[in-house]
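> I'm passing along final.txt; it holds compact mmCIF, N, CA and C atoms.
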# COMPACT_ATOMS: atom_id res chain seq x y z
N VAL A 1 -5.07 -28.11 -9.40
CA VAL A 1 -6.44 -27.89 -9.81
C VAL A 1 -6.47 -26.71 -10.79
N ASN A 2 -6.97 -26.97 -11.99
CA ASN A 2 -7.02 -25.94 -13.02
C ASN A 2 -8.37 -25.25 -13.12
N ASP A 3 -9.32 -25.63 -12.29
CA ASP A 3 -10.62 -24.98 -12.31
C ASP A 3 -10.50 -23.57 -11.76
N ASN A 4 -11.46 -22.74 -12.16
CA ASN A 4 -11.54 -21.38 -11.64
C ASN A 4 -12.64 -21.32 -10.59
N LEU A 5 -12.47 -20.47 -9.61
CA LEU A 5 -13.44 -20.32 -8.54
C LEU A 5 -13.40 -18.90 -8.02
N GLY A 6 -14.55 -18.38 -7.70
CA GLY A 6 -14.66 -17.09 -7.02
C GLY A 6 -15.53 -17.28 -5.79
N PHE A 7 -15.45 -16.35 -4.87
CA PHE A 7 -16.20 -16.46 -3.63
C PHE A 7 -16.72 -15.08 -3.24
N THR A 8 -18.04 -14.95 -3.16
CA THR A 8 -18.69 -13.69 -2.81
C THR A 8 -19.62 -13.92 -1.64
N ILE A 9 -19.54 -13.02 -0.67
CA ILE A 9 -20.45 -13.04 0.48
C ILE A 9 -21.48 -11.94 0.25
N PHE A 10 -22.74 -12.24 0.54
CA PHE A 10 -23.76 -11.21 0.41
C PHE A 10 -24.61 -11.14 1.67
N ARG A 11 -24.84 -9.95 2.06
CA ARG A 11 -25.78 -9.63 3.14
C ARG A 11 -26.60 -8.46 2.62
N ASP A 12 -26.44 -7.26 3.17
CA ASP A 12 -27.11 -6.09 2.61
C ASP A 12 -26.33 -5.51 1.44
N GLN A 13 -25.14 -6.04 1.22
CA GLN A 13 -24.33 -5.72 0.05
C GLN A 13 -23.48 -6.94 -0.26
N ALA A 14 -22.97 -6.98 -1.50
CA ALA A 14 -22.13 -8.11 -1.90
C ALA A 14 -20.67 -7.72 -1.73
N THR A 15 -19.88 -8.64 -1.21
CA THR A 15 -18.45 -8.44 -1.04
C THR A 15 -17.72 -9.60 -1.71
N VAL A 16 -16.93 -9.27 -2.74
CA VAL A 16 -16.16 -10.29 -3.42
C VAL A 16 -14.94 -10.60 -2.56
N GLU A 17 -14.95 -11.75 -1.94
CA GLU A 17 -13.84 -12.18 -1.10
C GLU A 17 -12.66 -12.64 -1.95
N SER A 18 -12.99 -13.26 -3.08
CA SER A 18 -11.96 -13.74 -4.00
C SER A 18 -12.57 -13.73 -5.41
N PRO A 19 -12.00 -12.96 -6.33
CA PRO A 19 -12.56 -12.93 -7.69
C PRO A 19 -12.35 -14.28 -8.38
N VAL A 20 -13.11 -14.52 -9.43
CA VAL A 20 -12.96 -15.76 -10.19
C VAL A 20 -11.56 -15.81 -10.77
N ASP A 21 -10.86 -16.87 -10.42
CA ASP A 21 -9.46 -17.04 -10.80
C ASP A 21 -9.11 -18.52 -10.60
N ARG A 22 -7.96 -18.92 -11.06
CA ARG A 22 -7.52 -20.31 -10.92
C ARG A 22 -7.52 -20.73 -9.44
N LEU A 23 -8.15 -21.84 -9.18
CA LEU A 23 -8.32 -22.31 -7.81
C LEU A 23 -7.02 -22.76 -7.17
N GLY A 24 -6.19 -23.49 -7.89
CA GLY A 24 -4.98 -24.10 -7.35
C GLY A 24 -4.25 -23.29 -6.31
N PRO A 25 -3.72 -22.10 -6.67
CA PRO A 25 -2.91 -21.35 -5.72
C PRO A 25 -3.68 -20.75 -4.54
N LYS A 26 -4.98 -20.68 -4.66
CA LYS A 26 -5.72 -20.00 -3.59
C LYS A 26 -6.66 -20.93 -2.83
N GLN A 27 -6.55 -22.22 -3.06
CA GLN A 27 -7.48 -23.17 -2.46
C GLN A 27 -7.53 -23.07 -0.94
N SER A 28 -6.40 -23.02 -0.27
CA SER A 28 -6.42 -22.98 1.20
C SER A 28 -6.97 -21.65 1.71
N SER A 29 -6.70 -20.54 1.02
CA SER A 29 -7.24 -19.26 1.48
C SER A 29 -8.75 -19.19 1.27
N ILE A 30 -9.25 -19.82 0.21
CA ILE A 30 -10.70 -19.87 -0.01
C ILE A 30 -11.35 -20.70 1.10
N LEU A 31 -10.80 -21.85 1.39
CA LEU A 31 -11.36 -22.68 2.46
C LEU A 31 -11.35 -21.95 3.80
N ASP A 32 -10.30 -21.21 4.06
CA ASP A 32 -10.20 -20.43 5.28
C ASP A 32 -11.29 -19.35 5.32
N SER A 33 -11.49 -18.66 4.19
CA SER A 33 -12.52 -17.62 4.10
C SER A 33 -13.91 -18.21 4.32
N ILE A 34 -14.17 -19.35 3.70
CA ILE A 34 -15.47 -20.00 3.84
C ILE A 34 -15.72 -20.40 5.29
N SER A 35 -14.71 -20.90 5.96
CA SER A 35 -14.88 -21.34 7.34
C SER A 35 -15.19 -20.19 8.29
N LYS A 36 -14.89 -18.97 7.89
CA LYS A 36 -15.12 -17.81 8.76
C LYS A 36 -16.46 -17.13 8.52
N VAL A 37 -17.21 -17.58 7.52
CA VAL A 37 -18.50 -16.96 7.21
C VAL A 37 -19.51 -17.32 8.28
N THR A 38 -20.19 -16.30 8.78
CA THR A 38 -21.28 -16.51 9.73
C THR A 38 -22.47 -15.68 9.29
N ALA A 39 -23.64 -16.14 9.61
CA ALA A 39 -24.84 -15.38 9.30
C ALA A 39 -25.02 -14.31 10.36
N PRO A 40 -25.40 -13.11 9.96
CA PRO A 40 -25.64 -12.07 10.96
C PRO A 40 -26.89 -12.43 11.77
N PRO A 41 -26.97 -11.99 13.02
CA PRO A 41 -28.12 -12.35 13.85
C PRO A 41 -29.44 -11.88 13.24
N LEU A 42 -29.50 -10.67 12.83
CA LEU A 42 -30.66 -10.13 12.11
C LEU A 42 -30.08 -9.28 11.01
N GLY A 43 -30.41 -9.60 9.80
CA GLY A 43 -29.78 -8.85 8.74
C GLY A 43 -30.61 -8.83 7.48
N TRP A 44 -30.00 -8.25 6.51
CA TRP A 44 -30.62 -8.09 5.21
C TRP A 44 -29.97 -9.05 4.24
N THR A 45 -30.77 -9.51 3.28
CA THR A 45 -30.28 -10.46 2.29
C THR A 45 -30.46 -9.86 0.91
N ARG A 46 -29.34 -9.55 0.27
CA ARG A 46 -29.33 -8.97 -1.07
C ARG A 46 -29.11 -10.10 -2.08
N LEU A 47 -30.05 -10.98 -2.15
CA LEU A 47 -29.92 -12.21 -2.93
C LEU A 47 -30.05 -11.97 -4.44
N PHE A 48 -31.14 -11.37 -4.88
CA PHE A 48 -31.42 -11.24 -6.31
C PHE A 48 -30.38 -10.39 -7.04
N ASP A 49 -30.04 -9.24 -6.48
CA ASP A 49 -29.04 -8.36 -7.11
C ASP A 49 -27.68 -9.04 -7.18
N THR A 50 -27.31 -9.76 -6.14
CA THR A 50 -26.01 -10.43 -6.13
C THR A 50 -25.96 -11.52 -7.19
N ILE A 51 -27.01 -12.31 -7.33
CA ILE A 51 -27.04 -13.35 -8.36
C ILE A 51 -26.91 -12.72 -9.74
N ALA A 52 -27.65 -11.64 -9.99
CA ALA A 52 -27.59 -10.98 -11.30
C ALA A 52 -26.18 -10.46 -11.59
N GLU A 53 -25.53 -9.87 -10.60
CA GLU A 53 -24.17 -9.35 -10.80
C GLU A 53 -23.17 -10.47 -11.07
N GLU A 54 -23.28 -11.56 -10.31
CA GLU A 54 -22.35 -12.67 -10.48
C GLU A 54 -22.58 -13.37 -11.83
N GLN A 55 -23.84 -13.49 -12.23
CA GLN A 55 -24.16 -14.10 -13.52
C GLN A 55 -23.59 -13.27 -14.66
N LYS A 56 -23.72 -11.98 -14.58
CA LYS A 56 -23.18 -11.09 -15.62
C LYS A 56 -21.65 -11.21 -15.70
N ALA A 57 -21.01 -11.25 -14.57
CA ALA A 57 -19.54 -11.37 -14.54
C ALA A 57 -19.08 -12.70 -15.14
N LEU A 58 -19.75 -13.78 -14.79
CA LEU A 58 -19.37 -15.09 -15.33
C LEU A 58 -19.68 -15.21 -16.81
N GLN A 59 -20.77 -14.60 -17.25
CA GLN A 59 -21.15 -14.69 -18.65
C GLN A 59 -20.08 -14.08 -19.55
N SER A 60 -19.32 -13.13 -19.04
CA SER A 60 -18.29 -12.49 -19.85
C SER A 60 -17.01 -13.31 -19.95
N MET A 61 -16.93 -14.43 -19.22
CA MET A 61 -15.75 -15.29 -19.28
C MET A 61 -15.77 -16.10 -20.59
N PRO A 62 -14.64 -16.67 -20.98
CA PRO A 62 -14.58 -17.43 -22.24
C PRO A 62 -15.65 -18.52 -22.32
N ALA A 63 -16.23 -18.68 -23.50
CA ALA A 63 -17.35 -19.59 -23.70
C ALA A 63 -16.99 -21.05 -23.47
N LYS A 64 -15.72 -21.42 -23.61
CA LYS A 64 -15.34 -22.83 -23.46
C LYS A 64 -15.44 -23.32 -22.02
N ASP A 65 -15.44 -22.42 -21.08
CA ASP A 65 -15.49 -22.79 -19.67
C ASP A 65 -16.91 -23.14 -19.23
N ILE A 66 -17.04 -24.13 -18.35
CA ILE A 66 -18.32 -24.40 -17.69
C ILE A 66 -18.48 -23.32 -16.63
N LYS A 67 -19.63 -22.69 -16.63
CA LYS A 67 -19.86 -21.60 -15.70
C LYS A 67 -21.06 -21.91 -14.81
N ALA A 68 -20.86 -21.77 -13.52
CA ALA A 68 -21.94 -22.06 -12.58
C ALA A 68 -21.81 -21.17 -11.35
N ILE A 69 -22.96 -20.87 -10.80
CA ILE A 69 -23.05 -20.14 -9.54
C ILE A 69 -23.72 -21.09 -8.55
N VAL A 70 -23.14 -21.23 -7.38
CA VAL A 70 -23.76 -21.99 -6.30
C VAL A 70 -24.10 -20.98 -5.21
N VAL A 71 -25.38 -20.85 -4.93
CA VAL A 71 -25.87 -19.87 -3.96
C VAL A 71 -26.32 -20.60 -2.70
N LEU A 72 -25.73 -20.27 -1.59
CA LEU A 72 -26.13 -20.80 -0.30
C LEU A 72 -26.70 -19.65 0.50
N THR A 73 -27.96 -19.76 0.91
CA THR A 73 -28.57 -18.68 1.67
C THR A 73 -29.46 -19.22 2.78
N ASP A 74 -29.53 -18.45 3.85
CA ASP A 74 -30.37 -18.82 4.98
C ASP A 74 -31.57 -17.89 5.13
N GLY A 75 -31.83 -17.08 4.11
CA GLY A 75 -32.90 -16.10 4.27
C GLY A 75 -33.68 -15.82 3.01
N LYS A 76 -34.49 -14.78 3.10
CA LYS A 76 -35.31 -14.30 2.00
C LYS A 76 -34.72 -12.98 1.52
N ASP A 77 -34.84 -12.73 0.21
CA ASP A 77 -34.34 -11.46 -0.31
C ASP A 77 -35.17 -10.32 0.28
N ASN A 78 -34.50 -9.38 0.89
CA ASN A 78 -35.19 -8.21 1.43
C ASN A 78 -34.36 -6.95 1.24
N SER A 79 -33.39 -6.99 0.30
CA SER A 79 -32.51 -5.85 0.14
C SER A 79 -32.11 -5.57 -1.30
N SER A 80 -32.71 -6.27 -2.26
CA SER A 80 -32.35 -6.08 -3.67
C SER A 80 -33.27 -5.06 -4.34
N ASP A 81 -32.72 -4.43 -5.38
CA ASP A 81 -33.56 -3.58 -6.23
C ASP A 81 -34.39 -4.44 -7.18
N LEU A 82 -33.81 -5.55 -7.64
CA LEU A 82 -34.51 -6.46 -8.55
C LEU A 82 -35.59 -7.23 -7.81
N LYS A 83 -36.65 -7.53 -8.51
CA LYS A 83 -37.69 -8.44 -8.02
C LYS A 83 -37.43 -9.81 -8.64
N LEU A 84 -38.04 -10.85 -8.10
CA LEU A 84 -37.80 -12.21 -8.56
C LEU A 84 -38.09 -12.37 -10.05
N ASP A 85 -39.20 -11.84 -10.53
CA ASP A 85 -39.53 -12.00 -11.95
C ASP A 85 -38.52 -11.29 -12.85
N GLN A 86 -37.96 -10.17 -12.39
CA GLN A 86 -36.93 -9.47 -13.16
C GLN A 86 -35.64 -10.30 -13.21
N LEU A 87 -35.27 -10.88 -12.08
CA LEU A 87 -34.09 -11.73 -12.04
C LEU A 87 -34.26 -12.92 -12.96
N ASP A 88 -35.43 -13.55 -12.91
CA ASP A 88 -35.69 -14.71 -13.76
C ASP A 88 -35.47 -14.38 -15.24
N LYS A 89 -35.92 -13.22 -15.67
CA LYS A 89 -35.74 -12.81 -17.07
C LYS A 89 -34.26 -12.63 -17.41
N LEU A 90 -33.48 -12.12 -16.47
CA LEU A 90 -32.05 -11.91 -16.70
C LEU A 90 -31.27 -13.22 -16.78
N ILE A 91 -31.64 -14.19 -15.99
CA ILE A 91 -30.84 -15.42 -15.89
C ILE A 91 -31.39 -16.57 -16.72
N LYS A 92 -32.57 -16.41 -17.30
CA LYS A 92 -33.21 -17.50 -18.04
C LYS A 92 -32.31 -18.00 -19.16
N LEU A 93 -32.09 -19.30 -19.19
CA LEU A 93 -31.26 -19.92 -20.22
C LEU A 93 -32.16 -20.38 -21.36
N THR A 94 -32.06 -19.67 -22.48
CA THR A 94 -32.85 -20.01 -23.66
C THR A 94 -31.97 -19.89 -24.90
N GLY A 95 -32.42 -20.47 -25.98
CA GLY A 95 -31.71 -20.36 -27.25
C GLY A 95 -30.26 -20.78 -27.14
N LYS A 96 -29.37 -19.95 -27.68
CA LYS A 96 -27.94 -20.28 -27.70
C LYS A 96 -27.33 -20.31 -26.29
N ASP A 97 -27.95 -19.64 -25.32
CA ASP A 97 -27.44 -19.63 -23.95
C ASP A 97 -27.76 -20.90 -23.18
N ALA A 98 -28.70 -21.69 -23.67
CA ALA A 98 -29.16 -22.85 -22.91
C ALA A 98 -28.03 -23.84 -22.59
N GLY A 99 -27.10 -24.03 -23.52
CA GLY A 99 -26.04 -25.00 -23.28
C GLY A 99 -24.79 -24.41 -22.67
N SER A 100 -24.49 -23.16 -23.01
CA SER A 100 -23.22 -22.58 -22.56
C SER A 100 -23.40 -21.46 -21.54
N GLY A 101 -24.61 -21.19 -21.15
CA GLY A 101 -24.84 -20.11 -20.20
C GLY A 101 -24.46 -20.48 -18.78
N VAL A 102 -24.60 -19.52 -17.90
CA VAL A 102 -24.27 -19.72 -16.49
C VAL A 102 -25.38 -20.51 -15.82
N LYS A 103 -25.02 -21.66 -15.26
CA LYS A 103 -25.98 -22.49 -14.52
C LYS A 103 -26.02 -21.99 -13.08
N ILE A 104 -27.21 -22.00 -12.50
CA ILE A 104 -27.36 -21.51 -11.13
C ILE A 104 -27.95 -22.61 -10.26
N PHE A 105 -27.21 -22.97 -9.23
CA PHE A 105 -27.65 -23.96 -8.25
C PHE A 105 -27.90 -23.22 -6.94
N THR A 106 -29.01 -23.52 -6.30
CA THR A 106 -29.33 -22.84 -5.05
C THR A 106 -29.44 -23.86 -3.92
N ILE A 107 -29.02 -23.42 -2.75
CA ILE A 107 -29.10 -24.26 -1.56
C ILE A 107 -29.80 -23.45 -0.46
N ALA A 108 -30.96 -23.94 -0.06
CA ALA A 108 -31.70 -23.33 1.04
C ALA A 108 -31.15 -23.92 2.33
N TYR A 109 -30.63 -23.04 3.16
CA TYR A 109 -30.01 -23.49 4.41
C TYR A 109 -30.81 -22.92 5.57
N GLY A 110 -31.51 -23.77 6.28
CA GLY A 110 -32.28 -23.33 7.44
C GLY A 110 -33.74 -23.10 7.13
N ASP A 111 -34.51 -22.91 8.18
CA ASP A 111 -35.96 -22.79 8.06
C ASP A 111 -36.41 -21.46 7.46
N ASP A 112 -35.59 -20.42 7.53
CA ASP A 112 -36.00 -19.11 7.03
C ASP A 112 -35.71 -18.90 5.55
N ALA A 113 -34.99 -19.82 4.93
CA ALA A 113 -34.65 -19.67 3.51
C ALA A 113 -35.92 -19.75 2.66
N ASP A 114 -35.99 -18.94 1.64
CA ASP A 114 -37.14 -18.88 0.74
C ASP A 114 -36.99 -19.98 -0.32
N GLN A 115 -37.42 -21.17 0.03
CA GLN A 115 -37.25 -22.31 -0.86
C GLN A 115 -38.00 -22.15 -2.18
N THR A 116 -39.15 -21.48 -2.16
CA THR A 116 -39.92 -21.27 -3.38
C THR A 116 -39.14 -20.41 -4.36
N ALA A 117 -38.60 -19.30 -3.89
CA ALA A 117 -37.81 -18.41 -4.76
C ALA A 117 -36.55 -19.11 -5.24
N LEU A 118 -35.89 -19.85 -4.35
CA LEU A 118 -34.65 -20.53 -4.73
C LEU A 118 -34.91 -21.61 -5.78
N LYS A 119 -36.02 -22.30 -5.68
CA LYS A 119 -36.38 -23.30 -6.69
C LYS A 119 -36.64 -22.61 -8.03
N ASP A 120 -37.30 -21.48 -8.00
CA ASP A 120 -37.60 -20.71 -9.21
C ASP A 120 -36.31 -20.22 -9.88
N ILE A 121 -35.39 -19.71 -9.07
CA ILE A 121 -34.11 -19.21 -9.59
C ILE A 121 -33.31 -20.34 -10.23
N ALA A 122 -33.22 -21.47 -9.55
CA ALA A 122 -32.48 -22.62 -10.09
C ALA A 122 -33.11 -23.11 -11.39
N GLY A 123 -34.43 -23.12 -11.44
CA GLY A 123 -35.12 -23.54 -12.66
C GLY A 123 -34.82 -22.61 -13.82
N ALA A 124 -34.90 -21.32 -13.59
CA ALA A 124 -34.61 -20.34 -14.64
C ALA A 124 -33.14 -20.40 -15.05
N GLY A 125 -32.27 -20.69 -14.09
CA GLY A 125 -30.84 -20.71 -14.34
C GLY A 125 -30.30 -22.06 -14.78
N GLY A 126 -31.19 -23.01 -15.09
CA GLY A 126 -30.74 -24.29 -15.61
C GLY A 126 -30.04 -25.19 -14.62
N GLY A 127 -30.20 -24.91 -13.33
CA GLY A 127 -29.55 -25.71 -12.30
C GLY A 127 -30.57 -26.50 -11.50
N GLN A 128 -30.29 -26.68 -10.22
CA GLN A 128 -31.17 -27.39 -9.32
C GLN A 128 -31.20 -26.66 -7.99
N GLU A 129 -32.30 -26.87 -7.26
CA GLU A 129 -32.45 -26.30 -5.92
C GLU A 129 -32.32 -27.43 -4.92
N TYR A 130 -31.61 -27.15 -3.84
CA TYR A 130 -31.41 -28.13 -2.78
C TYR A 130 -31.78 -27.49 -1.45
N SER A 131 -32.09 -28.32 -0.49
CA SER A 131 -32.23 -27.90 0.90
C SER A 131 -31.14 -28.61 1.66
N SER A 132 -30.60 -27.95 2.67
CA SER A 132 -29.48 -28.56 3.35
C SER A 132 -29.43 -28.17 4.81
N ASN A 133 -28.64 -28.94 5.53
CA ASN A 133 -28.29 -28.61 6.90
C ASN A 133 -26.78 -28.75 7.02
N LEU A 134 -26.26 -28.41 8.14
CA LEU A 134 -24.81 -28.41 8.34
C LEU A 134 -24.18 -29.78 8.06
N GLU A 135 -24.88 -30.84 8.41
CA GLU A 135 -24.31 -32.18 8.28
C GLU A 135 -24.10 -32.59 6.82
N ASP A 136 -24.97 -32.15 5.90
CA ASP A 136 -24.84 -32.65 4.53
C ASP A 136 -24.41 -31.59 3.51
N ILE A 137 -23.99 -30.43 3.95
CA ILE A 137 -23.60 -29.37 3.03
C ILE A 137 -22.40 -29.75 2.18
N GLN A 138 -21.41 -30.39 2.76
CA GLN A 138 -20.22 -30.79 2.00
C GLN A 138 -20.58 -31.81 0.92
N ALA A 139 -21.46 -32.74 1.23
CA ALA A 139 -21.89 -33.73 0.25
C ALA A 139 -22.65 -33.07 -0.90
N LEU A 140 -23.43 -32.05 -0.58
CA LEU A 140 -24.16 -31.32 -1.63
C LEU A 140 -23.20 -30.63 -2.60
N TYR A 141 -22.20 -29.96 -2.08
CA TYR A 141 -21.22 -29.31 -2.95
C TYR A 141 -20.49 -30.34 -3.82
N ALA A 142 -20.19 -31.48 -3.28
CA ALA A 142 -19.54 -32.53 -4.05
C ALA A 142 -20.47 -33.03 -5.17
N ALA A 143 -21.75 -33.17 -4.87
CA ALA A 143 -22.72 -33.62 -5.87
C ALA A 143 -22.84 -32.60 -7.00
N ILE A 144 -22.87 -31.33 -6.66
CA ILE A 144 -22.93 -30.27 -7.68
C ILE A 144 -21.67 -30.31 -8.54
N GLY A 145 -20.53 -30.50 -7.91
CA GLY A 145 -19.27 -30.61 -8.65
C GLY A 145 -19.29 -31.76 -9.63
N ARG A 146 -19.84 -32.91 -9.21
CA ARG A 146 -19.92 -34.05 -10.11
C ARG A 146 -20.87 -33.75 -11.27
N LEU A 147 -21.98 -33.09 -10.99
CA LEU A 147 -22.93 -32.71 -12.04
C LEU A 147 -22.25 -31.82 -13.09
N LEU A 148 -21.53 -30.85 -12.63
CA LEU A 148 -20.85 -29.92 -13.55
C LEU A 148 -19.72 -30.61 -14.30
N GLY A 149 -19.05 -31.54 -13.66
CA GLY A 149 -17.95 -32.26 -14.31
C GLY A 149 -18.42 -33.17 -15.42
N SER A 150 -19.69 -33.55 -15.40
CA SER A 150 -20.20 -34.47 -16.42
C SER A 150 -20.71 -33.75 -17.65
N LYS A 151 -20.71 -32.45 -17.66
CA LYS A 151 -21.23 -31.67 -18.79
C LYS A 151 -20.23 -31.57 -19.91
Can you present the structure in this file as structure tokens?


Amino acid sequence: VNDNLGFTIFRDQATVESPVDRLGPKQSSILDSISKVTAPPLGWTRLFDTIAEEQKALQSMPAKDIKAIVVLTDGKDNSSDLKLDQLDKLIKLTGKDAGSGVKIFTIAYGDDADQTALKDIAGAGGGQEYSSNLEDIQALYAAIGRLLGSK
């Protein structure tokens, strides 16, 4: 697999578990890391700031690459410095960025996820918003992969 992938966990702060790099050699370690992620019982969600940081990092990658962020969250942002309208301005795909910019796909997981904000973020980021449960999460990721592969 020659695709690049990074993996970041966010709660009250963002932790880069694996920086964006070639997927092939690290595929099993990424899957292992993902399988160990759990939501804290009561916690903070630093959603907006994390998206802005990840978007900025991906934007600096070579223009020939397809760049996308897939955000899976079970909560509402309650720990970012940025507000939703500020994030939207940062990630909005317009002009020359519309075709080659970072696409943002959001997945609302659970009843507490802020589906309105996630739909807004995906719209500004040129992606799509989804709602999911444990049973169909894998199918959603596969669908997003197919969408990105067709670009």

> Between atom CA of A:Lys67 and atom CA of A:Leu140, measure the distance and give it in Å to one decimal.

17.6 Å

> Using all atoms listed in the file, which of A:Asp81, A:Glu129, A:Asp21, A:Glu54 sits nearest A:Gln115?

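Ranked by minimum distance to A:Gln115, first place goes to A:Glu129.
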
> For a test of reading the model, state the distance in Å between atom N of A:Ala108 and atom C of A:Leu23, rounded to one decimal.

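Taking atom N of A:Ala108 as the start and atom C of A:Leu23 as the end point, the length is 25.0 Å.
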
> So how far away is atom CA of A:Met61 from atom C of A:Ser131, in Å?

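A separation of 29.2 Å between them.
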
> Could you pull out the helix (DSSP H, G or I) residues of stretch 33-81 of chain A from DSSP and send them as a list in words?

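In stretch 33-81 of chain A, DSSP puts these residues in helix (DSSP H, G or I): Ser33, Ile34, Ser35, Leu47, Phe48, Asp49, Thr50, Ile51, Ala52, Glu53, Glu54, Gln55, Lys56, Ala57, Leu58 and Gln59 of chain A.
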
> Using only C-alpha atoms, find all polymer residues with an atom at most 7 Å away from the point (-26.7, -12.5, 3.9); report them as a PDB file with N, CA and C atoms, in the frame of the given file.


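See selection_33.pdb below for the written result:
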ATOM      1  N   PHE A  10     -22.740 -12.240   0.540  1.00  0.00           N
ATOM      2  CA  PHE A  10     -23.760 -11.210   0.410  1.00  0.00           C
ATOM      3  C   PHE A  10     -24.610 -11.140   1.670  1.00  0.00           C
ATOM      4  N   ARG A  11     -24.840  -9.950   2.060  1.00  0.00           N
ATOM      5  CA  ARG A  11     -25.780  -9.630   3.140  1.00  0.00           C
ATOM      6  C   ARG A  11     -26.600  -8.460   2.620  1.00  0.00           C
ATOM      7  N   ASP A  12     -26.440  -7.260   3.170  1.00  0.00           N
ATOM      8  CA  ASP A  12     -27.110  -6.090   2.610  1.00  0.00           C
ATOM      9  C   ASP A  12     -26.330  -5.510   1.440  1.00  0.00           C
ATOM     10  N   ALA A  39     -23.640 -16.140   9.610  1.00  0.00           N
ATOM     11  CA  ALA A  39     -24.840 -15.380   9.300  1.00  0.00           C
ATOM     12  C   ALA A  39     -25.020 -14.310  10.360  1.00  0.00           C
ATOM     13  N   GLY A  43     -30.410  -9.600   9.800  1.00  0.00           N
ATOM     14  CA  GLY A  43     -29.780  -8.850   8.740  1.00  0.00           C
ATOM     15  C   GLY A  43     -30.610  -8.830   7.480  1.00  0.00           C
ATOM     16  N   TRP A  44     -30.000  -8.250   6.510  1.00  0.00           N
ATOM     17  CA  TRP A  44     -30.620  -8.090   5.210  1.00  0.00           C
ATOM     18  C   TRP A  44     -29.970  -9.050   4.240  1.00  0.00           C
ATOM     19  N   THR A  45     -30.770  -9.510   3.280  1.00  0.00           N
ATOM     20  CA  THR A  45     -30.280 -10.460   2.290  1.00  0.00           C
ATOM     21  C   THR A  45     -30.460  -9.860   0.910  1.00  0.00           C
ATOM     22  N   ARG A  46     -29.340  -9.550   0.270  1.00  0.00           N
ATOM     23  CA  ARG A  46     -29.330  -8.970  -1.070  1.00  0.00           C
ATOM     24  C   ARG A  46     -29.110 -10.100  -2.080  1.00  0.00           C
ATOM     25  N   THR A  73     -27.960 -19.760   0.910  1.00  0.00           N
ATOM     26  CA  THR A  73     -28.570 -18.680   1.670  1.00  0.00           C
ATOM     27  C   THR A  73     -29.460 -19.220   2.780  1.00  0.00           C
TER      28      THR A  73
END

> Just the residues within 8 Å of A:Glu17, please, counting all atoms listed in the file, with nothing from its chain fewer than 6 positions along; format it as a PyMOL selection string.

chain A and resi 6-9+30+33

> Distance cut-off 8 Å, centre (-30.9, -21.7, -19.7) in file coordinates, counting only N, CA and C atoms: which residues qualify? Return them as a CSV table (one decimal) with N, CA and C atoms, in the coordinates of the input.


chain,number,residue,atom,x,y,z
A,91,ILE,N,-31.6,-14.2,-16.0
A,91,ILE,CA,-30.8,-15.4,-15.9
A,91,ILE,C,-31.4,-16.6,-16.7
A,92,LYS,N,-32.6,-16.4,-17.3
A,92,LYS,CA,-33.2,-17.5,-18.0
A,92,LYS,C,-32.3,-18.0,-19.2
A,93,LEU,N,-32.1,-19.3,-19.2
A,93,LEU,CA,-31.3,-19.9,-20.2
A,93,LEU,C,-32.2,-20.4,-21.4
A,94,THR,N,-32.1,-19.7,-22.5
A,94,THR,CA,-32.8,-20.0,-23.7
A,94,THR,C,-32.0,-19.9,-24.9
A,95,GLY,N,-32.4,-20.5,-26.0
A,95,GLY,CA,-31.7,-20.4,-27.2
A,95,GLY,C,-30.3,-20.8,-27.1
A,96,LYS,N,-29.4,-20.0,-27.7
A,96,LYS,CA,-27.9,-20.3,-27.7
A,96,LYS,C,-27.3,-20.3,-26.3
A,97,ASP,N,-28.0,-19.6,-25.3
A,97,ASP,CA,-27.4,-19.6,-24.0
A,97,ASP,C,-27.8,-20.9,-23.2
A,98,ALA,N,-28.7,-21.7,-23.7
A,98,ALA,CA,-29.2,-22.8,-22.9
A,98,ALA,C,-28.0,-23.8,-22.6
A,99,GLY,N,-27.1,-24.0,-23.5
A,99,GLY,CA,-26.0,-25.0,-23.3
A,99,GLY,C,-24.8,-24.4,-22.7
A,100,SER,N,-24.5,-23.2,-23.0
A,100,SER,CA,-23.2,-22.6,-22.6
A,100,SER,C,-23.4,-21.5,-21.5
A,101,GLY,N,-24.6,-21.2,-21.2
A,101,GLY,CA,-24.8,-20.1,-20.2
A,101,GLY,C,-24.5,-20.5,-18.8
A,102,VAL,N,-24.6,-19.5,-17.9
A,102,VAL,CA,-24.3,-19.7,-16.5
A,102,VAL,C,-25.4,-20.5,-15.8
A,103,LYS,N,-25.0,-21.7,-15.3
A,103,LYS,CA,-26.0,-22.5,-14.5
A,103,LYS,C,-26.0,-22.0,-13.1
A,123,GLY,N,-34.4,-23.1,-11.4
A,123,GLY,CA,-35.1,-23.5,-12.7
A,123,GLY,C,-34.8,-22.6,-13.8
A,124,ALA,N,-34.9,-21.3,-13.6
A,124,ALA,CA,-34.6,-20.3,-14.6
A,124,ALA,C,-33.1,-20.4,-15.0
A,125,GLY,N,-32.3,-20.7,-14.1
A,125,GLY,CA,-30.8,-20.7,-14.3
A,125,GLY,C,-30.3,-22.1,-14.8
A,126,GLY,N,-31.2,-23.0,-15.1
A,126,GLY,CA,-30.7,-24.3,-15.6
A,126,GLY,C,-30.0,-25.2,-14.6
A,127,GLY,N,-30.2,-24.9,-13.3
A,127,GLY,CA,-29.6,-25.7,-12.3
A,127,GLY,C,-30.6,-26.5,-11.5
